[in-house]
Amino acid sequence: MNRFERLFEELPHDAECALITSDINRRYFTGMKSSDGTVIAFRDKAYLIIDFRYIEKARASVKNAEVIEQKKLYPQIAELIQKHGVSGMAIESRTMTVSQLNGIRNFFRNIDINDTDMLSNAIDTLRCCKSQEELECIKKAQEIAEKALDDVLKFIKAGVTEREIALELNHRMFLYGAEDLSFETIVLSGANTSMPHGVPSDKPVENGEFVLMDFGAVYNGYHSDMTRTVCVGQPTDEMKEVYNIVLDAQNTAIKSAHGGITGRELDETARSIIDDAGYGDYFGHSLGHGVGLEIHEKPNASPNYMNELNTAAVVTVEPGIYIEGKFGVRIEDFVILTENGCENLTKFPKNLISL
Ligand SMILES: [Mn+2]
């Protein structure tokens, strides 16, 4: 089954037509990256309407949709709607702007526009289940990130700044084949490590400090995400203690992860260990999130996510403890859930490293 067929399996039986307008989902369905274009999918056929800039590439690469060069978008869509004899069209509620929706309502007056979350939810459900092909890209993205970190550990020493370490990581990831960074690389040191999403500064790393690095590479559209916290010189007993609690929480969550566990349950496996150690108030974010064509996507491993995490979902496991003014520790791997457990896609060691 191709992705369009799977989409209509996921949608209610009376859904006749889906208008896919977001860049990410257009790429998901057609396999082609572009900054513009529209997919219109019917139960028996899908079309990609795309402008002159992309038409050559689209005709050569898009296999599961008929490629049409964009002239006047809405009249072209209207023609297809008429050809397929449908009376309703679902839109991507979560990404379409109000202005786009108004435009569509004004033009397609006789078409029933479904502006609920139905289509966005159905696409999310598909994207939660990674194919072998997608997994290969994610693994490659992770390999690139780990190779970069391997190099950068040799570069980290007292006197080097957070920004310099971040630049080195970025440079190495691009060198090893990243098409982009998953997000702006986070490198923090010393007291700055207590800010989960701090921004790298010109602060030099000092002896006896933690260095926290959260980063990822993009390969063929797919993201990776990992965090390691290392020490320059010797950590204090308190630093070691906190590190080991986070590591224990992280390992326990990975051991508990399997297809069918709810996001809340998975979060709780790690959170209870941090709670029991007396650091519950210092773990102020959720355990993890889905990763794929976007760095943050469904499903979530968080206290608010009551749904089951499906088999073949890719999720991060990233507990942390952050003590304001002192230091923070986060350790992040990401895993693919299987029926009986999970496969850890992150191979980089997690023992506390002193550089
Ligand atoms: Mn993450």
# chains A, B, ... in the order shown; residues from 1 in each chain; ligands from 1
$ residues_near_ligand --ligand "ligand 1" --cutoff "8 Å" --atoms "only C-alpha atoms and all ligand atoms" --output "ChimeraX atom specification"
/A:214,225-227,288-289,295-296,316-318,332
$ write_last_selection --atoms "all heavy atoms" --output "compact mmCIF listing (two decimals), in the first residue's frame"
# COMPACT_ATOMS: atom_id res chain seq x y z
N ASP A 214 23.38 18.95 23.18
CA ASP A 214 22.12 18.41 22.64
C ASP A 214 22.08 18.82 21.17
O ASP A 214 22.09 20.01 20.86
CB ASP A 214 20.94 19.01 23.42
CG ASP A 214 19.59 18.42 23.02
OD1 ASP A 214 19.52 17.69 22.01
OD2 ASP A 214 18.60 18.71 23.72
N ASP A 225 18.48 13.06 17.18
CA ASP A 225 18.44 13.88 18.39
C ASP A 225 19.17 13.13 19.50
O ASP A 225 18.81 11.99 19.80
CB ASP A 225 16.96 14.12 18.78
CG ASP A 225 16.79 15.23 19.81
OD1 ASP A 225 17.79 15.84 20.22
OD2 ASP A 225 15.63 15.48 20.21
N MET A 226 20.19 13.74 20.06
CA MET A 226 20.88 13.10 21.18
C MET A 226 21.44 14.15 22.13
O MET A 226 21.70 15.29 21.74
CB MET A 226 22.03 12.20 20.69
CG MET A 226 23.25 12.93 20.18
SD MET A 226 24.58 11.80 19.61
CE MET A 226 25.08 11.02 21.15
N THR A 227 21.59 13.77 23.39
CA THR A 227 22.24 14.65 24.37
C THR A 227 23.25 13.84 25.16
O THR A 227 22.95 12.71 25.59
CB THR A 227 21.20 15.24 25.36
OG1 THR A 227 20.15 15.86 24.62
CG2 THR A 227 21.85 16.26 26.27
N GLY A 288 10.12 12.59 26.65
CA GLY A 288 10.54 12.47 25.25
C GLY A 288 9.46 12.81 24.25
O GLY A 288 8.34 13.13 24.61
N HIS A 289 9.85 12.72 22.97
CA HIS A 289 8.97 13.11 21.87
C HIS A 289 9.31 12.27 20.65
O HIS A 289 10.40 11.71 20.56
CB HIS A 289 9.20 14.61 21.56
CG HIS A 289 10.64 14.95 21.29
ND1 HIS A 289 11.21 14.85 20.05
CD2 HIS A 289 11.64 15.34 22.13
CE1 HIS A 289 12.49 15.20 20.12
NE2 HIS A 289 12.79 15.49 21.37
N ILE A 295 11.66 17.43 14.02
CA ILE A 295 12.44 17.11 15.23
C ILE A 295 11.50 16.83 16.40
O ILE A 295 11.80 16.01 17.26
CB ILE A 295 13.48 18.20 15.56
CG1 ILE A 295 14.31 17.80 16.78
CG2 ILE A 295 12.87 19.57 15.76
CD1 ILE A 295 15.12 16.54 16.62
N HIS A 296 10.36 17.51 16.44
CA HIS A 296 9.35 17.21 17.45
C HIS A 296 8.08 16.82 16.74
O HIS A 296 7.47 17.64 16.06
CB HIS A 296 9.07 18.43 18.35
CG HIS A 296 10.23 18.81 19.21
ND1 HIS A 296 10.77 20.08 19.21
CD2 HIS A 296 10.98 18.09 20.07
CE1 HIS A 296 11.80 20.11 20.06
NE2 HIS A 296 11.94 18.92 20.59
N THR A 316 12.28 9.84 21.69
CA THR A 316 13.47 10.12 22.49
C THR A 316 13.19 9.74 23.95
O THR A 316 12.05 9.72 24.40
CB THR A 316 13.86 11.62 22.45
OG1 THR A 316 12.84 12.39 23.11
CG2 THR A 316 14.00 12.10 21.02
N VAL A 317 14.27 9.44 24.66
CA VAL A 317 14.20 9.17 26.09
C VAL A 317 15.26 10.08 26.71
O VAL A 317 16.46 9.82 26.58
CB VAL A 317 14.49 7.68 26.39
CG1 VAL A 317 14.43 7.42 27.88
CG2 VAL A 317 13.49 6.78 25.65
N GLU A 318 14.81 11.18 27.31
CA GLU A 318 15.75 12.22 27.71
C GLU A 318 15.42 12.85 29.06
O GLU A 318 15.06 14.02 29.14
CB GLU A 318 15.84 13.31 26.64
CG GLU A 318 14.51 13.81 26.10
CD GLU A 318 14.70 14.93 25.06
OE1 GLU A 318 15.50 15.85 25.32
OE2 GLU A 318 14.03 14.87 24.01
N GLU A 332 20.24 11.76 26.55
CA GLU A 332 19.17 11.50 25.59
C GLU A 332 19.61 10.52 24.52
O GLU A 332 20.61 10.72 23.83
CB GLU A 332 18.75 12.82 24.89
CG GLU A 332 17.76 12.63 23.76
CD GLU A 332 17.37 13.94 23.06
OE1 GLU A 332 18.18 14.89 23.08
OE2 GLU A 332 16.26 14.00 22.51
$ residues_around --residues "Gly341 of chain A" --least-positions-apart "4" --cutoff "8 Å" --atoms "only C-alpha atoms" --output "ChimeraX atom specification"
/A:255-259,337
$ write_last_selection --atoms "all heavy atoms" --output "PDB file, in the first residue's frame"
ATOM      1  N   LYS A 255      14.507   0.276  29.121  1.00  0.00           N
ATOM      2  CA  LYS A 255      14.146  -1.129  29.365  1.00  0.00           C
ATOM      3  C   LYS A 255      12.634  -1.329  29.369  1.00  0.00           C
ATOM      4  O   LYS A 255      12.132  -2.388  29.011  1.00  0.00           O
ATOM      5  CB  LYS A 255      14.737  -1.600  30.702  1.00  0.00           C
ATOM      6  CG  LYS A 255      16.174  -2.045  30.580  1.00  0.00           C
ATOM      7  CD  LYS A 255      16.620  -2.820  31.829  1.00  0.00           C
ATOM      8  CE  LYS A 255      18.132  -2.790  31.970  1.00  0.00           C
ATOM      9  NZ  LYS A 255      18.598  -1.873  33.035  1.00  0.00           N
ATOM     10  N   SER A 256      11.884  -0.309  29.802  1.00  0.00           N
ATOM     11  CA  SER A 256      10.423  -0.437  29.904  1.00  0.00           C
ATOM     12  C   SER A 256       9.715  -0.147  28.593  1.00  0.00           C
ATOM     13  O   SER A 256       8.528  -0.447  28.445  1.00  0.00           O
ATOM     14  CB  SER A 256       9.870   0.547  30.945  1.00  0.00           C
ATOM     15  OG  SER A 256      10.734   0.661  32.031  1.00  0.00           O
ATOM     16  N   ALA A 257      10.412   0.503  27.662  1.00  0.00           N
ATOM     17  CA  ALA A 257       9.748   0.975  26.437  1.00  0.00           C
ATOM     18  C   ALA A 257       9.356  -0.186  25.534  1.00  0.00           C
ATOM     19  O   ALA A 257      10.141  -1.097  25.308  1.00  0.00           O
ATOM     20  CB  ALA A 257      10.680   1.927  25.691  1.00  0.00           C
ATOM     21  N   HIS A 258       8.113  -0.149  25.064  1.00  0.00           N
ATOM     22  CA  HIS A 258       7.647  -1.151  24.097  1.00  0.00           C
ATOM     23  C   HIS A 258       6.403  -0.596  23.420  1.00  0.00           C
ATOM     24  O   HIS A 258       5.751   0.300  23.960  1.00  0.00           O
ATOM     25  CB  HIS A 258       7.331  -2.475  24.797  1.00  0.00           C
ATOM     26  CG  HIS A 258       6.272  -2.363  25.859  1.00  0.00           C
ATOM     27  ND1 HIS A 258       4.922  -2.456  25.582  1.00  0.00           N
ATOM     28  CD2 HIS A 258       6.361  -2.113  27.187  1.00  0.00           C
ATOM     29  CE1 HIS A 258       4.241  -2.292  26.711  1.00  0.00           C
ATOM     30  NE2 HIS A 258       5.089  -2.071  27.698  1.00  0.00           N
ATOM     31  N   GLY A 259       6.086  -1.133  22.265  1.00  0.00           N
ATOM     32  CA  GLY A 259       4.871  -0.724  21.570  1.00  0.00           C
ATOM     33  C   GLY A 259       3.666  -1.039  22.447  1.00  0.00           C
ATOM     34  O   GLY A 259       3.564  -2.137  22.988  1.00  0.00           O
ATOM     35  N   LEU A 337      10.271   1.681  18.899  1.00  0.00           N
ATOM     36  CA  LEU A 337       9.511   0.726  19.700  1.00  0.00           C
ATOM     37  C   LEU A 337       9.188  -0.518  18.876  1.00  0.00           C
ATOM     38  O   LEU A 337       8.849  -0.420  17.694  1.00  0.00           O
ATOM     39  CB  LEU A 337       8.211   1.362  20.194  1.00  0.00           C
ATOM     40  CG  LEU A 337       8.369   2.626  21.039  1.00  0.00           C
ATOM     41  CD1 LEU A 337       7.014   3.132  21.500  1.00  0.00           C
ATOM     42  CD2 LEU A 337       9.259   2.366  22.250  1.00  0.00           C
TER      43      LEU A 337
END
$ select_by_dssp --residues "segment 217-284 of chain A" --states "alpha helix (DSSP H)" --output "PDB file with N, CA and C atoms, in the first residue's frame"
ATOM      1  N   ASP A 237      31.374  14.815  43.983  1.00  0.00           N
ATOM      2  CA  ASP A 237      30.506  13.681  44.345  1.00  0.00           C
ATOM      3  C   ASP A 237      29.054  13.979  43.992  1.00  0.00           C
ATOM      4  N   GLU A 238      28.633  15.232  44.209  1.00  0.00           N
ATOM      5  CA  GLU A 238      27.249  15.599  43.899  1.00  0.00           C
ATOM      6  C   GLU A 238      26.987  15.470  42.395  1.00  0.00           C
ATOM      7  N   MET A 239      27.947  15.914  41.587  1.00  0.00           N
ATOM      8  CA  MET A 239      27.787  15.796  40.129  1.00  0.00           C
ATOM      9  C   MET A 239      27.666  14.330  39.725  1.00  0.00           C
ATOM     10  N   LYS A 240      28.507  13.489  40.324  1.00  0.00           N
ATOM     11  CA  LYS A 240      28.459  12.050  40.014  1.00  0.00           C
ATOM     12  C   LYS A 240      27.115  11.457  40.418  1.00  0.00           C
ATOM     13  N   GLU A 241      26.651  11.840  41.612  1.00  0.00           N
ATOM     14  CA  GLU A 241      25.390  11.298  42.128  1.00  0.00           C
ATOM     15  C   GLU A 241      24.241  11.644  41.184  1.00  0.00           C
ATOM     16  N   VAL A 242      24.156  12.929  40.835  1.00  0.00           N
ATOM     17  CA  VAL A 242      23.066  13.373  39.950  1.00  0.00           C
ATOM     18  C   VAL A 242      23.166  12.691  38.588  1.00  0.00           C
ATOM     19  N   TYR A 243      24.389  12.597  38.074  1.00  0.00           N
ATOM     20  CA  TYR A 243      24.571  11.948  36.769  1.00  0.00           C
ATOM     21  C   TYR A 243      24.038  10.521  36.805  1.00  0.00           C
ATOM     22  N   ASN A 244      24.377   9.805  37.879  1.00  0.00           N
ATOM     23  CA  ASN A 244      23.976   8.396  37.957  1.00  0.00           C
ATOM     24  C   ASN A 244      22.472   8.216  38.128  1.00  0.00           C
ATOM     25  N   ILE A 245      21.831   9.172  38.802  1.00  0.00           N
ATOM     26  CA  ILE A 245      20.364   9.101  38.927  1.00  0.00           C
ATOM     27  C   ILE A 245      19.720   9.277  37.543  1.00  0.00           C
ATOM     28  N   VAL A 246      20.204  10.265  36.800  1.00  0.00           N
ATOM     29  CA  VAL A 246      19.649  10.502  35.457  1.00  0.00           C
ATOM     30  C   VAL A 246      19.894   9.279  34.569  1.00  0.00           C
ATOM     31  N   LEU A 247      21.096   8.730  34.669  1.00  0.00           N
ATOM     32  CA  LEU A 247      21.428   7.561  33.841  1.00  0.00           C
ATOM     33  C   LEU A 247      20.542   6.367  34.205  1.00  0.00           C
ATOM     34  N   ASP A 248      20.325   6.175  35.498  1.00  0.00           N
ATOM     35  CA  ASP A 248      19.473   5.072  35.956  1.00  0.00           C
ATOM     36  C   ASP A 248      18.043   5.271  35.433  1.00  0.00           C
ATOM     37  N   ALA A 249      17.549   6.503  35.545  1.00  0.00           N
ATOM     38  CA  ALA A 249      16.187   6.804  35.059  1.00  0.00           C
ATOM     39  C   ALA A 249      16.109   6.532  33.556  1.00  0.00           C
ATOM     40  N   GLN A 250      17.142   6.930  32.837  1.00  0.00           N
ATOM     41  CA  GLN A 250      17.137   6.789  31.373  1.00  0.00           C
ATOM     42  C   GLN A 250      17.191   5.318  30.977  1.00  0.00           C
ATOM     43  N   ASN A 251      18.088   4.566  31.611  1.00  0.00           N
ATOM     44  CA  ASN A 251      18.205   3.134  31.285  1.00  0.00           C
ATOM     45  C   ASN A 251      16.922   2.381  31.634  1.00  0.00           C
ATOM     46  N   THR A 252      16.323   2.746  32.772  1.00  0.00           N
ATOM     47  CA  THR A 252      15.089   2.070  33.188  1.00  0.00           C
ATOM     48  C   THR A 252      13.970   2.336  32.183  1.00  0.00           C
ATOM     49  N   ALA A 253      13.862   3.586  31.727  1.00  0.00           N
ATOM     50  CA  ALA A 253      12.820   3.914  30.753  1.00  0.00           C
ATOM     51  C   ALA A 253      13.049   3.143  29.455  1.00  0.00           C
ATOM     52  N   ILE A 254      14.292   3.036  29.026  1.00  0.00           N
ATOM     53  CA  ILE A 254      14.577   2.309  27.773  1.00  0.00           C
ATOM     54  C   ILE A 254      14.217   0.832  27.928  1.00  0.00           C
ATOM     55  N   LYS A 255      14.507   0.276  29.121  1.00  0.00           N
ATOM     56  CA  LYS A 255      14.146  -1.129  29.365  1.00  0.00           C
ATOM     57  C   LYS A 255      12.634  -1.329  29.369  1.00  0.00           C
ATOM     58  N   SER A 256      11.884  -0.309  29.802  1.00  0.00           N
ATOM     59  CA  SER A 256      10.423  -0.437  29.904  1.00  0.00           C
ATOM     60  C   SER A 256       9.715  -0.147  28.593  1.00  0.00           C
ATOM     61  N   GLY A 263       2.216   7.063  26.657  1.00  0.00           N
ATOM     62  CA  GLY A 263       3.222   8.102  26.835  1.00  0.00           C
ATOM     63  C   GLY A 263       3.402   8.437  28.306  1.00  0.00           C
ATOM     64  N   ARG A 264       2.279   8.446  29.019  1.00  0.00           N
ATOM     65  CA  ARG A 264       2.334   8.755  30.449  1.00  0.00           C
ATOM     66  C   ARG A 264       3.100   7.685  31.235  1.00  0.00           C
ATOM     67  N   GLU A 265       2.815   6.419  30.894  1.00  0.00           N
ATOM     68  CA  GLU A 265       3.496   5.321  31.601  1.00  0.00           C
ATOM     69  C   GLU A 265       5.007   5.352  31.368  1.00  0.00           C
ATOM     70  N   LEU A 266       5.395   5.598  30.130  1.00  0.00           N
ATOM     71  CA  LEU A 266       6.840   5.610  29.832  1.00  0.00           C
ATOM     72  C   LEU A 266       7.522   6.759  30.578  1.00  0.00           C
ATOM     73  N   ASP A 267       6.894   7.921  30.547  1.00  0.00           N
ATOM     74  CA  ASP A 267       7.419   9.077  31.282  1.00  0.00           C
ATOM     75  C   ASP A 267       7.594   8.724  32.763  1.00  0.00           C
ATOM     76  N   GLU A 268       6.592   8.038  33.296  1.00  0.00           N
ATOM     77  CA  GLU A 268       6.572   7.727  34.730  1.00  0.00           C
ATOM     78  C   GLU A 268       7.711   6.781  35.136  1.00  0.00           C
ATOM     79  N   THR A 269       8.102   5.880  34.240  1.00  0.00           N
ATOM     80  CA  THR A 269       9.180   4.941  34.597  1.00  0.00           C
ATOM     81  C   THR A 269      10.455   5.703  34.968  1.00  0.00           C
ATOM     82  N   ALA A 270      10.730   6.768  34.239  1.00  0.00           N
ATOM     83  CA  ALA A 270      11.935   7.568  34.528  1.00  0.00           C
ATOM     84  C   ALA A 270      11.670   8.546  35.667  1.00  0.00           C
ATOM     85  N   ARG A 271      10.483   9.183  35.615  1.00  0.00           N
ATOM     86  CA  ARG A 271      10.175  10.228  36.588  1.00  0.00           C
ATOM     87  C   ARG A 271      10.159   9.680  38.017  1.00  0.00           C
ATOM     88  N   SER A 272       9.673   8.443  38.183  1.00  0.00           N
ATOM     89  CA  SER A 272       9.565   7.896  39.543  1.00  0.00           C
ATOM     90  C   SER A 272      10.958   7.701  40.153  1.00  0.00           C
ATOM     91  N   ILE A 273      11.929   7.356  39.334  1.00  0.00           N
ATOM     92  CA  ILE A 273      13.297   7.167  39.856  1.00  0.00           C
ATOM     93  C   ILE A 273      13.882   8.514  40.305  1.00  0.00           C
ATOM     94  N   ILE A 274      13.633   9.543  39.499  1.00  0.00           N
ATOM     95  CA  ILE A 274      14.148  10.872  39.850  1.00  0.00           C
ATOM     96  C   ILE A 274      13.407  11.415  41.079  1.00  0.00           C
ATOM     97  N   ASP A 275      12.096  11.158  41.129  1.00  0.00           N
ATOM     98  CA  ASP A 275      11.285  11.527  42.312  1.00  0.00           C
ATOM     99  C   ASP A 275      11.828  10.861  43.568  1.00  0.00           C
ATOM    100  N   ASP A 276      11.996   9.549  43.485  1.00  0.00           N
ATOM    101  CA  ASP A 276      12.429   8.773  44.658  1.00  0.00           C
ATOM    102  C   ASP A 276      13.805   9.221  45.146  1.00  0.00           C
TER     103      ASP A 276
END
$ residues_around --residues "segment 66-76 of chain A" --least-positions-apart "3" --cutoff "6 Å" --atoms "only C-alpha atoms" --output "NGL selection string"
:A and (47-51 or 79)
$ write_last_selection --atoms "all heavy atoms" --output "compact mmCIF listing (two decimals), in the first residue's frame"
# COMPACT_ATOMS: atom_id res chain seq x y z
N TYR A 47 -2.83 13.77 -6.91
CA TYR A 47 -2.18 14.71 -7.82
C TYR A 47 -1.26 15.62 -7.03
O TYR A 47 -1.58 16.01 -5.90
CB TYR A 47 -3.23 15.60 -8.52
CG TYR A 47 -4.25 14.82 -9.31
CD1 TYR A 47 -5.38 14.29 -8.68
CD2 TYR A 47 -4.09 14.61 -10.68
CE1 TYR A 47 -6.33 13.57 -9.39
CE2 TYR A 47 -5.04 13.89 -11.40
CZ TYR A 47 -6.14 13.37 -10.76
OH TYR A 47 -7.07 12.66 -11.46
N LEU A 48 -0.15 15.98 -7.67
CA LEU A 48 0.72 17.02 -7.12
C LEU A 48 0.70 18.19 -8.10
O LEU A 48 1.10 18.04 -9.27
CB LEU A 48 2.16 16.50 -6.95
CG LEU A 48 3.23 17.56 -6.64
CD1 LEU A 48 2.97 18.24 -5.29
CD2 LEU A 48 4.63 16.95 -6.66
N ILE A 49 0.20 19.31 -7.62
CA ILE A 49 0.19 20.53 -8.45
C ILE A 49 1.35 21.39 -7.97
O ILE A 49 1.40 21.79 -6.80
CB ILE A 49 -1.15 21.28 -8.31
CG1 ILE A 49 -2.32 20.34 -8.64
CG2 ILE A 49 -1.17 22.50 -9.22
CD1 ILE A 49 -3.70 20.95 -8.37
N ILE A 50 2.29 21.65 -8.88
CA ILE A 50 3.53 22.30 -8.44
C ILE A 50 4.04 23.22 -9.54
O ILE A 50 3.82 22.94 -10.73
CB ILE A 50 4.57 21.22 -8.02
CG1 ILE A 50 5.70 21.81 -7.19
CG2 ILE A 50 5.09 20.43 -9.22
CD1 ILE A 50 6.41 20.81 -6.32
N ASP A 51 4.71 24.31 -9.16
CA ASP A 51 5.05 25.32 -10.17
C ASP A 51 6.32 25.00 -10.94
O ASP A 51 7.04 24.06 -10.63
CB ASP A 51 5.11 26.71 -9.52
CG ASP A 51 6.30 26.87 -8.61
OD1 ASP A 51 7.44 26.84 -9.09
OD2 ASP A 51 6.09 27.02 -7.38
N GLU A 79 -11.30 21.74 -11.02
CA GLU A 79 -11.46 20.83 -12.17
C GLU A 79 -11.31 19.37 -11.74
O GLU A 79 -12.08 18.50 -12.15
CB GLU A 79 -10.39 21.19 -13.20
CG GLU A 79 -10.73 20.79 -14.63
CD GLU A 79 -9.62 21.24 -15.58
OE1 GLU A 79 -9.40 22.47 -15.69
OE2 GLU A 79 -8.98 20.37 -16.18
$ residues_around --residues "Gly233 of chain A" --least-positions-apart "5" --cutoff "8 Å" --atoms "only C-alpha atoms" --output "list in words"
Asn207, Gly208, Glu209, Ser354 and Leu355 of chain A
$ write_last_selection --atoms "N, CA, C and O atoms" --output "mmCIF file, in the first residue's frame"
data_model
loop_
_atom_site.group_PDB
_atom_site.id
_atom_site.type_symbol
_atom_site.label_atom_id
_atom_site.label_comp_id
_atom_site.auth_asym_id
_atom_site.auth_seq_id
_atom_site.Cartn_x
_atom_site.Cartn_y
_atom_site.Cartn_z
ATOM 1 N N ASN A 207 37.759 23.910 34.258
ATOM 2 C CA ASN A 207 38.046 22.600 34.824
ATOM 3 C C ASN A 207 37.019 22.247 35.902
ATOM 4 O O ASN A 207 36.618 23.097 36.692
ATOM 5 N N GLY A 208 36.564 21.000 35.906
ATOM 6 C CA GLY A 208 35.601 20.551 36.906
ATOM 7 C C GLY A 208 34.157 20.825 36.524
ATOM 8 O O GLY A 208 33.259 20.620 37.339
ATOM 9 N N GLU A 209 33.915 21.292 35.285
ATOM 10 C CA GLU A 209 32.544 21.618 34.867
ATOM 11 C C GLU A 209 31.958 20.546 33.948
ATOM 12 O O GLU A 209 32.684 19.898 33.195
ATOM 13 N N SER A 354 35.200 11.739 31.822
ATOM 14 C CA SER A 354 36.013 12.883 32.262
ATOM 15 C C SER A 354 37.028 13.161 31.182
ATOM 16 O O SER A 354 37.823 12.273 30.830
ATOM 17 N N LEU A 355 37.014 14.367 30.656
ATOM 18 C CA LEU A 355 37.946 14.709 29.571
ATOM 19 C C LEU A 355 39.186 15.403 30.130
ATOM 20 O O LEU A 355 39.100 16.105 31.134
#
$ closest_residue --among "A:Leu345, A:Met195, A:Val335, A:Ile353" --to "Cys231 of chain A" --atoms "only C-alpha atoms"
A:Ile353
$ residues_around --residues "Gly103 of chain A" --least-positions-apart "5" --cutoff "12 Å" --atoms "only C-alpha atoms" --output "short mmCIF file (atom, residue, chain, number, x, y, z; two decimals) with C-alpha atoms, in the first residue's frame"
data_model
loop_
_atom_site.label_atom_id
_atom_site.label_comp_id
_atom_site.auth_asym_id
_atom_site.auth_seq_id
_atom_site.Cartn_x
_atom_site.Cartn_y
_atom_site.Cartn_z
CA LEU A 73 -4.25 26.68 -8.45
CA TYR A 74 -7.85 26.88 -7.29
CA MET A 96 -3.23 25.92 7.22
CA THR A 97 -3.45 29.63 7.96
CA VAL A 98 -6.77 31.35 8.61
CA PHE A 108 -15.07 26.43 -3.25
CA ARG A 109 -18.54 27.53 -2.24
CA ILE A 113 -14.76 21.85 3.64
#
$ closest_residue --among "A:Asp281, A:Met173, A:Phe4, A:Leu19" --to "Leu101 of chain A" --atoms "only C-alpha atoms"
A:Leu19
$ atom_distance --atom1 "atom CA of Val187 of chain A" --atom2 "atom CA of Val152 of chain A"
11.6 Å
$ atom_distance --atom1 "atom CA of Met1 of chain A" --atom2 "atom CA of Glu179 of chain A"
28.9 Å
$ residues_around --residues "Asn114 of chain A" --least-positions-apart "4" --cutoff "10 Å" --atoms "only C-alpha atoms" --output "PyMOL selection string"
chain A and resi 15+17-18+88-93+118-119
$ write_last_selection --atoms "C-alpha atoms" --output "PDB file, in the first residue's frame"
ATOM      1  CA  ALA A  15     -13.881  11.096   3.458  1.00  0.00           C
ATOM      2  CA  CYS A  17     -10.709  14.051  -0.794  1.00  0.00           C
ATOM      3  CA  ALA A  18      -7.704  15.411   1.119  1.00  0.00           C
ATOM      4  CA  GLY A  88     -16.284  17.282   0.317  1.00  0.00           C
ATOM      5  CA  MET A  89     -12.621  18.115   0.950  1.00  0.00           C
ATOM      6  CA  ALA A  90     -10.620  17.825   4.165  1.00  0.00           C
ATOM      7  CA  ILE A  91      -7.857  20.329   4.873  1.00  0.00           C
ATOM      8  CA  GLU A  92      -4.819  20.255   7.170  1.00  0.00           C
ATOM      9  CA  SER A  93      -6.250  22.232  10.056  1.00  0.00           C
ATOM     10  CA  MET A 118      -9.392  14.810  11.135  1.00  0.00           C
ATOM     11  CA  LEU A 119      -6.877  14.988   8.297  1.00  0.00           C
TER      12      LEU A 119
END
$ closest_atom_pairs --of "segment 307-328 of chain A" --to "segment 127-148 of chain A" --cutoff "9 Å" --atoms "only C-alpha atoms" --output "Markdown table"
| residue | atom | partner | partner_atom | distance |
| --- | --- | --- | --- | --- |
| A:Leu309 | CA | A:Cys128 | CA | 8.5 |
| A:Asn310 | CA | A:Cys129 | CA | 7.1 |
| A:Thr311 | CA | A:Cys129 | CA | 7.0 |
| A:Ala312 | CA | A:Cys129 | CA | 4.9 |
| A:Ala313 | CA | A:Cys129 | CA | 5.1 |
| A:Val314 | CA | A:Lys130 | CA | 7.2 |
$ closest_residue --among "A:His171, A:Thr30, A:Ile156, A:Thr185" --to "Val232 of chain A" --atoms "only C-alpha atoms"
A:Ile156
$ select_by_dssp --residues "segment 20-94 of chain A" --states "strand (DSSP E or B)" --output "list in words"
Ile20, Thr38, Val39, Ile40, Ala41, Phe42, Ala46, Tyr47, Leu48, Ile49, Ile50, Glu66, Val67, Ile68, Glu69, Gly88, Met89, Ala90 and Ile91 of chain A
$ closest_residue --among "A:His223, A:Arg53, A:Arg228, A:Lys154" --to "Leu293 of chain A" --atoms "only C-alpha atoms"
A:His223
$ residues_around --residues "Asp180 of chain A" --least-positions-apart "5" --cutoff "8 Å" --atoms "only C-alpha atoms" --output "list in words"
Phe174, Ala217, Val218 and Tyr219 of chain A
$ write_last_selection --atoms "N, CA, C and O atoms" --output "PDB file, in the first residue's frame"
ATOM      1  N   PHE A 174      28.038  18.490   9.207  1.00  0.00           N
ATOM      2  CA  PHE A 174      27.932  18.800   7.769  1.00  0.00           C
ATOM      3  C   PHE A 174      28.990  18.026   6.981  1.00  0.00           C
ATOM      4  O   PHE A 174      28.722  17.490   5.908  1.00  0.00           O
ATOM      5  N   ALA A 217      21.506  15.676  13.473  1.00  0.00           N
ATOM      6  CA  ALA A 217      21.724  15.908  12.048  1.00  0.00           C
ATOM      7  C   ALA A 217      20.459  15.526  11.285  1.00  0.00           C
ATOM      8  O   ALA A 217      19.663  14.720  11.759  1.00  0.00           O
ATOM      9  N   VAL A 218      20.298  16.128  10.100  1.00  0.00           N
ATOM     10  CA  VAL A 218      19.200  15.741   9.211  1.00  0.00           C
ATOM     11  C   VAL A 218      19.792  14.996   8.023  1.00  0.00           C
ATOM     12  O   VAL A 218      20.777  15.446   7.430  1.00  0.00           O
ATOM     13  N   TYR A 219      19.200  13.850   7.699  1.00  0.00           N
ATOM     14  CA  TYR A 219      19.619  13.089   6.529  1.00  0.00           C
ATOM     15  C   TYR A 219      18.388  12.724   5.713  1.00  0.00           C
ATOM     16  O   TYR A 219      17.475  12.089   6.238  1.00  0.00           O
TER      17      TYR A 219
END
$ closest_residue --among "A:Gly221, A:Gly328, A:Gly284, A:Gly290" --to "Gly31 of chain A" --atoms "only C-alpha atoms"
A:Gly221
$ atom_distance --atom1 "atom CA of Leu352 of chain A" --atom2 "atom CA of Thr229 of chain A"
7.7 Å
$ closest_residue --among "A:Ile336, A:Ser224, A:Phe42, A:Val230" --to "Leu80 of chain A" --atoms "only C-alpha atoms"
A:Phe42
